[in-house]
Each structure stands twice: as structure tokens, then as C-alpha cells.
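coords.txt (compact mmCIF, C-alpha atoms) appears below.
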```txt
# COMPACT_ATOMS: atom_id res chain seq x y z
CA MET A 1 24.13 24.51 -1.51
CA SER A 2 20.82 25.13 0.28
CA GLN A 3 22.55 25.56 3.67
CA GLU A 4 24.66 28.26 2.01
CA ASN A 5 21.46 29.94 0.86
CA VAL A 6 20.08 29.89 4.39
CA GLU A 7 23.29 31.51 5.65
CA ILE A 8 23.09 34.22 2.98
CA ALA A 9 19.58 35.13 4.13
CA ARG A 10 20.62 35.02 7.79
CA ALA A 11 23.62 37.28 7.12
CA ALA A 12 21.52 39.89 5.31
CA PHE A 13 19.18 40.30 8.29
CA GLU A 14 21.89 40.01 10.96
CA GLU A 15 24.04 42.66 9.28
CA TRP A 16 21.11 45.08 9.17
CA ASN A 17 20.46 44.46 12.88
CA ALA A 18 24.14 44.87 13.78
CA THR A 19 24.73 48.09 11.84
CA GLY A 20 21.25 49.58 11.66
CA GLU A 21 21.61 49.77 7.89
CA PRO A 22 20.91 47.33 5.06
CA ASP A 23 23.85 45.73 3.27
CA PHE A 24 22.99 45.32 -0.39
CA ALA A 25 26.07 43.21 -1.19
CA HIS A 26 23.95 40.04 -0.81
CA PHE A 27 21.66 41.08 -3.67
CA HIS A 28 22.30 40.59 -7.38
CA PRO A 29 22.55 43.74 -9.57
CA GLU A 30 19.63 42.40 -11.67
CA LEU A 31 17.48 41.51 -8.65
CA VAL A 32 13.71 41.40 -9.12
CA TYR A 33 11.90 42.19 -5.88
CA HIS A 34 8.17 41.74 -5.27
CA PRO A 35 6.71 43.69 -2.31
CA ARG A 36 3.65 42.45 -0.44
CA ALA A 37 0.40 42.87 -2.33
CA ASP A 38 -0.90 45.28 0.34
CA GLU A 39 2.09 47.65 0.10
CA PRO A 40 1.57 51.16 -1.39
CA ASP A 41 3.54 50.14 -4.51
CA PRO A 42 3.23 46.37 -4.93
CA SER A 43 4.73 46.34 -8.43
CA PRO A 44 8.03 44.48 -8.93
CA HIS A 45 11.19 46.53 -8.41
CA VAL A 46 13.74 45.54 -11.04
CA GLY A 47 17.45 45.97 -10.36
CA ARG A 48 19.39 46.33 -7.13
CA ASP A 49 19.25 50.14 -7.46
CA ALA A 50 15.43 50.07 -7.47
CA PHE A 51 15.47 47.70 -4.49
CA GLU A 52 17.89 49.99 -2.64
CA ARG A 53 15.60 52.98 -3.19
CA LEU A 54 12.63 50.97 -1.90
CA VAL A 55 14.42 49.75 1.22
CA LEU A 56 16.15 53.03 2.04
CA GLY A 57 12.88 54.94 1.60
CA PHE A 58 11.22 52.51 3.99
CA ALA A 59 14.08 52.66 6.51
CA GLU A 60 14.04 56.47 6.53
CA SER A 61 10.48 56.35 7.88
CA PHE A 62 11.69 54.82 11.15
CA ALA A 63 14.08 55.86 13.88
CA GLU A 64 15.01 52.21 14.38
CA THR A 65 14.32 49.03 12.45
CA ARG A 66 15.04 45.45 13.58
CA PHE A 67 14.26 42.04 12.23
CA GLU A 68 13.67 39.19 14.66
CA ILE A 69 14.22 35.95 12.79
CA LEU A 70 13.15 32.84 14.60
CA GLU A 71 12.97 30.52 11.60
CA LEU A 72 14.75 30.11 8.30
CA ILE A 73 13.33 27.44 6.01
CA ASP A 74 15.43 25.74 3.37
CA ALA A 75 13.28 25.46 0.25
CA GLY A 76 15.91 24.36 -2.26
CA ASP A 77 17.08 27.39 -4.22
CA ARG A 78 14.76 29.52 -2.09
CA VAL A 79 14.86 30.46 1.58
CA ILE A 80 11.81 31.44 3.64
CA ALA A 81 12.65 33.78 6.51
CA SER A 82 10.08 33.98 9.27
CA THR A 83 9.59 34.13 13.02
CA VAL A 84 7.56 31.40 14.63
CA LEU A 85 5.13 32.31 11.89
CA HIS A 86 6.64 35.52 10.54
CA VAL A 87 9.54 37.92 10.34
CA VAL A 88 8.51 40.74 12.62
CA LEU A 89 9.67 44.16 11.61
CA ARG A 90 9.73 46.66 14.44
CA GLY A 91 10.39 50.32 14.08
CA GLN A 92 9.57 53.63 15.63
CA GLY A 93 8.18 56.40 13.47
CA SER A 94 10.87 59.09 13.22
CA ALA A 95 8.35 61.93 12.90
CA SER A 96 5.64 60.78 15.30
CA GLY A 97 7.70 58.60 17.62
CA ALA A 98 4.93 56.00 17.39
CA GLY A 99 5.92 52.36 17.69
CA VAL A 100 5.22 50.13 14.71
CA SER A 101 5.20 46.37 14.35
CA ASP A 102 4.26 44.53 11.17
CA THR A 103 4.49 41.02 9.84
CA TYR A 104 6.64 40.08 6.88
CA VAL A 105 7.65 36.71 5.52
CA PHE A 106 10.47 36.97 2.99
CA VAL A 107 11.24 34.42 0.29
CA TYR A 108 14.63 34.78 -1.38
CA LYS A 109 15.73 32.91 -4.48
CA VAL A 110 19.50 32.55 -4.34
CA ARG A 111 21.86 31.81 -7.22
CA ASP A 112 25.66 31.90 -7.17
CA GLY A 113 25.68 33.30 -3.63
CA LEU A 114 23.38 36.27 -4.33
CA VAL A 115 19.66 36.91 -3.95
CA VAL A 116 18.31 37.15 -7.50
CA GLU A 117 14.62 37.41 -6.68
CA GLY A 118 12.67 38.23 -3.55
CA TRP A 119 9.04 38.14 -2.46
CA GLU A 120 7.22 39.44 0.61
CA TYR A 121 4.18 37.78 2.17
CA ARG A 122 2.06 38.49 5.20
CA THR A 123 2.05 34.90 6.49
CA LYS A 124 4.22 31.81 6.35
CA GLN A 125 1.25 29.90 4.92
CA GLU A 126 1.01 32.34 1.99
CA ALA A 127 4.72 31.87 1.29
CA LEU A 128 4.50 28.09 1.44
CA GLU A 129 1.48 28.06 -0.87
CA ALA A 130 3.25 30.36 -3.35
CA LEU A 131 6.12 27.85 -3.47
CA GLY A 132 3.78 24.87 -3.71
CA LEU A 133 5.01 23.51 -0.37
CA SER A 134 3.24 22.10 2.65
CA GLU A 135 4.32 22.59 6.25
CA GLN A 136 5.77 19.05 6.12
CA ASP A 137 7.86 19.95 3.06
CA ALA A 138 9.43 22.93 4.82
CA HIS A 139 12.66 22.28 6.70
CA ALA A 140 13.43 24.85 9.34
CA ASP A 141 17.04 25.78 10.09
CA SER A 142 16.85 28.32 12.87
```
Take the structure from the file and write it as C-alpha cells.
Amino acid sequence: MSQENVEIARAAFEEWNATGEPDFAHFHPELVYHPRADEPDPSPHVGRDAFERLVLGFAESFAETRFEILELIDAGDRVIASTVLHVVLRGQGSASGAGVSDTYVFVYKVRDGLVVEGWEYRTKQEALEALGLSEQDAHADS
């Protein structure tokens, strides 16, 4: 089952990159999503509709958004998506034209083929600690 979870996470990011738009079909209607603590609104977003508003509001701020995933870590019913150390989100400000690059590590809890809960972290180490895992416990599947 955990390989299926890894593929669900991979598909969500790859579909966004291929179409330029998020596909919310991978997310449960009762999703609970936790943005990074340093985000403007770090409170949990409850329900896929709230998550959609969050993501679409974010995406509208950029002319282009891409995720470069170099590592997906199988953590049982959770998947950690990162680059060598992070998922790098790159965009270009639609108003200013300024380039933007920021670090995100996503942890998705998957049940019955859908993401039911998600968390954002700044570093892979933060994500591993939140899950009570060490680097040795993490199994990459990139």
C-alpha cells in the first residue's frame, strides 16, 4: 500500500507541472491541511474546498509555478515529498515579474487512495522529526 501512496503524491505534483494547474482529485473532501508555521495564515484548512481556496489563491500570485521533486519518502501511511532536502517551489510574480524560489517539504497522510491530511515544513529534518523518524528510518523512492 505504501508504494501506492508514493505514487499518489507523485501524481499530484506531476499533474500540476504538466497542466500548470492543481488537480484536487487526489485530496479527500474532508482533508485537513496544515500550512507551514511561517505562512501568513498557518491555521489548519479544513475541507477540500478550503484547501482549494488556499492553493488557488497562492497560484494566482505567480505567472508560473513548478515543483521539482527529487525525493519521495515512504513513511507508511504518510509520504514525504522533498528534493535532495526539499521540494522547491519556483514561480514568477505575476505583478512584479520577480522570480521566487522557496523551500517546502510536504507530508501527506493517505487513506483509501486519497490525501486525508497534509502538512508543510521548511526542511526535511523538520518533517522527519514531526513523524518521529530518523534519516535511517526514511526510505526514499525517487
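Note that the spacing between atom CA of Pro29 of chain A and atom CA of Val116 of chain A amounts to 8.1 Å.
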Name the residues in contact with Gln3 of chain A at a cut-off of 10 Å, using only C-alpha atoms, excluding same-chain residues fewer than 3 positions from it; report them as a count of residues only.
10
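Put simply, atom CA of Arg66 of chain A is 7.5 Å away from atom CA of Trp16 of chain A.
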Using Å and a single decimal, report how far atom CA of Ser82 of chain A sits from atom CA of Glu60 of chain A.
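Separating atom CA of Glu60 of chain A from atom CA of Ser82 of chain A is a distance of 23.0 Å.
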Please list as a list in words every residue within 10 Å of Leu54 of chain A, counting all atoms listed in the file and excluding residues in the same chain fewer than 6 positions away.
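Listed by chain and then number, they are Tyr33, Pro35, Asp41, His45 and Arg48 of chain A.
Using only C-alpha atoms, the smallest distance between any of A:Thr65, A:Glu120, A:Gly113, A:Thr103 and Pro44 of chain A comes from A:Glu120.
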Starting from 3 Å padding per side, set up an axis-aligned box that covers all listed atoms of segment 6-18 of chain A and hand over centre and edge lengths in Å, one decimal, as JSON.
```
{"center_x": 21.7, "center_y": 37.5, "center_z": 8.4, "size_x": 11.0, "size_y": 21.2, "size_z": 16.8}
```
What lies within 12 Å of Asn17 of chain A using all atoms listed in the file, ignoring chain neighbours under 4 positions off, as an mmCIF file with C-alpha atoms, keeping the file's coordinate frame?
```
data_model
loop_
_atom_site.group_PDB
_atom_site.id
_atom_site.type_symbol
_atom_site.label_atom_id
_atom_site.label_comp_id
_atom_site.auth_asym_id
_atom_site.auth_seq_id
_atom_site.Cartn_x
_atom_site.Cartn_y
_atom_site.Cartn_z
ATOM 1 C CA ARG A 10 20.620 35.020 7.790
ATOM 2 C CA ALA A 11 23.620 37.280 7.120
ATOM 3 C CA ALA A 12 21.520 39.890 5.310
ATOM 4 C CA PHE A 13 19.180 40.300 8.290
ATOM 5 C CA GLU A 21 21.610 49.770 7.890
ATOM 6 C CA PRO A 22 20.910 47.330 5.060
ATOM 7 C CA ASP A 23 23.850 45.730 3.270
ATOM 8 C CA GLU A 64 15.010 52.210 14.380
ATOM 9 C CA THR A 65 14.320 49.030 12.450
ATOM 10 C CA ARG A 66 15.040 45.450 13.580
ATOM 11 C CA PHE A 67 14.260 42.040 12.230
ATOM 12 C CA GLU A 68 13.670 39.190 14.660
ATOM 13 C CA ILE A 69 14.220 35.950 12.790
ATOM 14 C CA LEU A 89 9.670 44.160 11.610
ATOM 15 C CA ARG A 90 9.730 46.660 14.440
ATOM 16 C CA GLY A 91 10.390 50.320 14.080
#
```
Can you pull out the residues contacting segment 130-132 of chain A? Cut-off 10 Å, using all atoms listed in the file, and skip same-chain residues under 5 positions away; I want them as a PDB file with C-alpha atoms, in the frame of the given file.
```pdb
ATOM      1  CA  ALA A  75      13.280  25.460   0.250  1.00  0.00           C
ATOM      2  CA  ARG A  78      14.760  29.520  -2.090  1.00  0.00           C
ATOM      3  CA  ILE A  80      11.810  31.440   3.640  1.00  0.00           C
ATOM      4  CA  VAL A 107      11.240  34.420   0.290  1.00  0.00           C
ATOM      5  CA  TRP A 119       9.040  38.140  -2.460  1.00  0.00           C
ATOM      6  CA  TYR A 121       4.180  37.780   2.170  1.00  0.00           C
ATOM      7  CA  LYS A 124       4.220  31.810   6.350  1.00  0.00           C
ATOM      8  CA  GLN A 125       1.250  29.900   4.920  1.00  0.00           C
ATOM      9  CA  ASP A 137       7.860  19.950   3.060  1.00  0.00           C
TER      10      ASP A 137
END
```
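Checking A:Arg36, A:Ala81, A:Glu30, A:Ala138 one by one against Tyr108 of chain A, counting all atoms listed in the file, you find the shortest gap at A:Ala81.
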